[in-house]
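One structure is given below, encoded as structure tokens.
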Amino acid sequence: MSHTYYAPHGGHPPQTQLTSDRAVFTEAYAVIPKGVMRDIVTSNLPFWNDTRLWVLARPLTGFAETFSQYIMEVLPGGGSDKPELDPQAEGVLFVVEGEMTLTLEGQTHAMKTGGYAFIPPGSNWQLHNESSEPVRFHWVRKAYEFVEGIDVPEAFVTNDNDLAPTEMPDTDGRWATTRFADPSDVRHDMHVNIVTFQPGASIPFDETHIMEHGLYVLEGKAVYHLNQNWVEVEAGDFMWLRSFCPQACYAGGPGPFRYLLYKDVNRHPKLKINAL
């Protein structure tokens, strides 16, 4: 099955548009709607050519603590021979529009829409857009938590369209997760998955758990219950959920509701706050 994904294109709203929107920032969660991702809020990075990005999350007191997430936009001919400057950082790339060439430890991968790559810390990699159209992709970064006696997981490249989702128990397939890494593999300290709800499906209870979340809506719409507040979200919106933020949802239809989900896993919690 071939999936489609929302990708921002920037621009600016007209002066006639109402100022108020669905954006909200609280102690427990934040919602960054797709209408916020305009030209005026883009950033640039060292050693990236013909590239701009929207920063969705970054480590910050009272906000994301374990990860950063970008939507990258690389024009034809653009890219980087020196993309990651932090040797401790692991990363996931997920292509939502266009094509790009990833060179990872000397091996070249042609990544199309739906393409997914896991990049371990300290990897030698480069990325370029050799096509005639812009490429847009998510880049999730985390400082890898090394554990003595446990190897760092190896790199891999795959595609959402080539993988079968795993159905959640007792849901008749209405709620499923596309898992790119084995959940039982404790070498991984983060998972970046895709969650799919069929129209009318739900998370039928307020999940309240240790994992921090970043959720980018790839397709469809839903109503989310976040810390006793109901919020509507649609394709292109981003949500940050703090650890233990109560969370549930109903998928609104008419098509599937899908989102890219980050969570930190498989490590002891830090016992000193200043150790984060």
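In the structure tokens, chains take letters A, B, ... by order of appearance, with residues numbered from 1 within each chain and ligands from 1 in the order shown.
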
So that I can see what lies close to Val157 in chain A, please list as an NGL selection string the residues with an atom at most 8 Å from it, counting only C-alpha atoms and leaving out residues fewer than 2 positions away in the same chain. :A and (109 or 115-118 or 155 or 159)

Save the residues we just selected, C-alpha atoms, as a tab-separated table (two decimals), in the first residue's frame?
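The result, written out as part25.tsv:
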```tsv
chain	number	residue	atom	x	y	z
A	109	HIS	CA	20.55	4.73	-0.45
A	115	GLY	CA	11.73	6.24	3.35
A	116	TYR	CA	13.04	5.68	6.88
A	117	ALA	CA	16.63	5.58	8.12
A	118	PHE	CA	18.08	4.94	11.58
A	155	ALA	CA	22.11	1.50	11.00
A	159	ASN	CA	10.31	2.28	3.80
```

Enumerate, in order of chain and increasing residue number, the residues of range 5-56 of chain A with an atom no farther than 9 Å from range 94-103 of chain A, each with its shortest atom pair and distance in Å to one decimal, counting only C-alpha atoms, as a Markdown table.
```
| residue | atom | partner | partner_atom | distance |
| --- | --- | --- | --- | --- |
| A:Tyr5 | CA | A:Val96 | CA | 5.4 |
| A:Tyr6 | CA | A:Val96 | CA | 6.7 |
| A:Ala7 | CA | A:Val96 | CA | 6.1 |
```

Need the shell around Thr177 in chain A: protein/DNA/RNA residues with any atom at most 7 Å away, counting only C-alpha atoms. Skip same-chain ones fewer than 6 positions apart. Format as JSON, numbers by chain? {"A": [165, 166, 167, 193, 194, 195, 196]}

Could you take the residues named above and write them with C-alpha atoms, as a compact mmCIF listing (two decimals), in the first residue's frame?
```
# COMPACT_ATOMS: atom_id res chain seq x y z
CA PRO A 165 1.68 -2.75 10.65
CA THR A 166 1.27 -4.76 13.85
CA GLU A 167 -2.32 -4.81 15.09
CA ASN A 193 7.11 4.48 14.82
CA ILE A 194 3.99 5.19 12.78
CA VAL A 195 0.62 4.67 14.45
CA THR A 196 -2.52 4.12 12.35
```

Might you pull out every residue within 12 Å of range 36-43 of chain A, with only C-alpha atoms counted and same-chain residues fewer than 3 positions away left off, and present them as a ChimeraX atom specification? /A:7-14,19-24,31-33,46,48,50-56,70-73,236-238

Using only C-alpha atoms, which protein or nucleic acid residues come within 9 Å of range 75-77 of chain A? Drop anything in the same chain fewer than 3 positions from it, and give the result as a list in words. Asn49, Asp50, Thr51, Arg52, His128, Asn129, Glu130, Ser131, Ser132, Glu133, Pro134, Val135 and Arg136 of chain A

Selected residues, N, CA and C atoms, written as a PDB file, in the first residue's frame, please.
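Below is the file that was written, part_11.pdb:
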```pdb
ATOM      1  N   ASN A  49      23.462  23.187   2.675  1.00  0.00           N
ATOM      2  CA  ASN A  49      23.274  24.113   1.570  1.00  0.00           C
ATOM      3  C   ASN A  49      21.853  24.024   1.028  1.00  0.00           C
ATOM      4  N   ASP A  50      21.302  25.174   0.618  1.00  0.00           N
ATOM      5  CA  ASP A  50      19.962  25.233   0.017  1.00  0.00           C
ATOM      6  C   ASP A  50      18.955  24.455   0.861  1.00  0.00           C
ATOM      7  N   THR A  51      19.005  24.718   2.162  1.00  0.00           N
ATOM      8  CA  THR A  51      18.182  23.970   3.122  1.00  0.00           C
ATOM      9  C   THR A  51      17.610  24.926   4.158  1.00  0.00           C
ATOM     10  N   ARG A  52      16.366  24.678   4.513  1.00  0.00           N
ATOM     11  CA  ARG A  52      15.769  25.345   5.666  1.00  0.00           C
ATOM     12  C   ARG A  52      15.003  24.284   6.453  1.00  0.00           C
ATOM     13  N   HIS A 128      22.012  14.368   0.195  1.00  0.00           N
ATOM     14  CA  HIS A 128      21.891  15.318  -0.910  1.00  0.00           C
ATOM     15  C   HIS A 128      20.581  15.096  -1.659  1.00  0.00           C
ATOM     16  N   ASN A 129      20.064  16.196  -2.199  1.00  0.00           N
ATOM     17  CA  ASN A 129      18.893  16.131  -3.070  1.00  0.00           C
ATOM     18  C   ASN A 129      19.374  16.198  -4.513  1.00  0.00           C
ATOM     19  N   GLU A 130      19.369  15.059  -5.176  1.00  0.00           N
ATOM     20  CA  GLU A 130      19.816  14.984  -6.566  1.00  0.00           C
ATOM     21  C   GLU A 130      18.639  14.984  -7.540  1.00  0.00           C
ATOM     22  N   SER A 131      17.425  15.252  -7.025  1.00  0.00           N
ATOM     23  CA  SER A 131      16.236  15.282  -7.876  1.00  0.00           C
ATOM     24  C   SER A 131      15.975  16.703  -8.361  1.00  0.00           C
ATOM     25  N   SER A 132      14.892  16.878  -9.095  1.00  0.00           N
ATOM     26  CA  SER A 132      14.539  18.194  -9.642  1.00  0.00           C
ATOM     27  C   SER A 132      13.491  18.921  -8.803  1.00  0.00           C
ATOM     28  N   GLU A 133      13.057  18.321  -7.665  1.00  0.00           N
ATOM     29  CA  GLU A 133      12.056  18.926  -6.792  1.00  0.00           C
ATOM     30  C   GLU A 133      12.570  18.936  -5.355  1.00  0.00           C
ATOM     31  N   PRO A 134      12.037  19.840  -4.509  1.00  0.00           N
ATOM     32  CA  PRO A 134      12.445  19.833  -3.099  1.00  0.00           C
ATOM     33  C   PRO A 134      12.101  18.501  -2.427  1.00  0.00           C
ATOM     34  N   VAL A 135      12.895  18.140  -1.441  1.00  0.00           N
ATOM     35  CA  VAL A 135      12.588  16.983  -0.604  1.00  0.00           C
ATOM     36  C   VAL A 135      12.336  17.490   0.814  1.00  0.00           C
ATOM     37  N   ARG A 136      11.337  16.912   1.459  1.00  0.00           N
ATOM     38  CA  ARG A 136      10.990  17.301   2.820  1.00  0.00           C
ATOM     39  C   ARG A 136      10.966  16.041   3.681  1.00  0.00           C
TER      40      ARG A 136
END
```

Filtered DSSP result for range 36-183 of chain A, state strand (DSSP E or B), as a PyMOL selection string: chain A and resi 43+49-57+68-80+89-97+100-104+107-111+115-119+125-128+135-143+156-159+166-167+175-178

Selection: 10 Å around Gly122 in chain A, only C-alpha atoms, excl. self and same-chain fewer than 4 positions, as a list in words: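 Using only C-alpha atoms, the neighbours found are Glu84, Leu85, Asp86, Pro87, Gln88, Ala89 and Glu90 of chain A.
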
Keeping only N, CA, C and O atoms, write the selected residues as a compact mmCIF listing (two decimals), in the first residue's frame.
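What follows is the written file selection.txt:
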```
# COMPACT_ATOMS: atom_id res chain seq x y z
N GLU A 84 25.60 16.07 10.78
CA GLU A 84 25.46 15.95 12.23
C GLU A 84 26.78 16.33 12.90
O GLU A 84 27.81 15.73 12.63
N LEU A 85 26.72 17.32 13.80
CA LEU A 85 27.93 17.81 14.45
C LEU A 85 28.14 17.21 15.83
O LEU A 85 29.21 17.41 16.43
N ASP A 86 27.16 16.47 16.35
CA ASP A 86 27.23 15.91 17.70
C ASP A 86 27.53 14.41 17.60
O ASP A 86 26.68 13.64 17.16
N PRO A 87 28.71 13.96 18.03
CA PRO A 87 29.04 12.54 17.90
C PRO A 87 28.23 11.63 18.82
O PRO A 87 28.24 10.41 18.65
N GLN A 88 27.53 12.22 19.78
CA GLN A 88 26.69 11.43 20.68
C GLN A 88 25.26 11.27 20.16
O GLN A 88 24.48 10.49 20.73
N ALA A 89 24.94 11.97 19.09
CA ALA A 89 23.54 12.01 18.63
C ALA A 89 23.24 10.85 17.69
O ALA A 89 23.98 10.58 16.75
N GLU A 90 22.13 10.17 17.96
CA GLU A 90 21.54 9.22 17.03
C GLU A 90 20.42 9.94 16.29
O GLU A 90 19.95 11.01 16.74
```

Using only C-alpha atoms, which of the listed residues (A:Trp125, A:Phe67, A:Tyr224, A:Trp230) sits closest to Lys142 in chain A?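 Closest to Lys142 in chain A of all the choices is A:Phe67.
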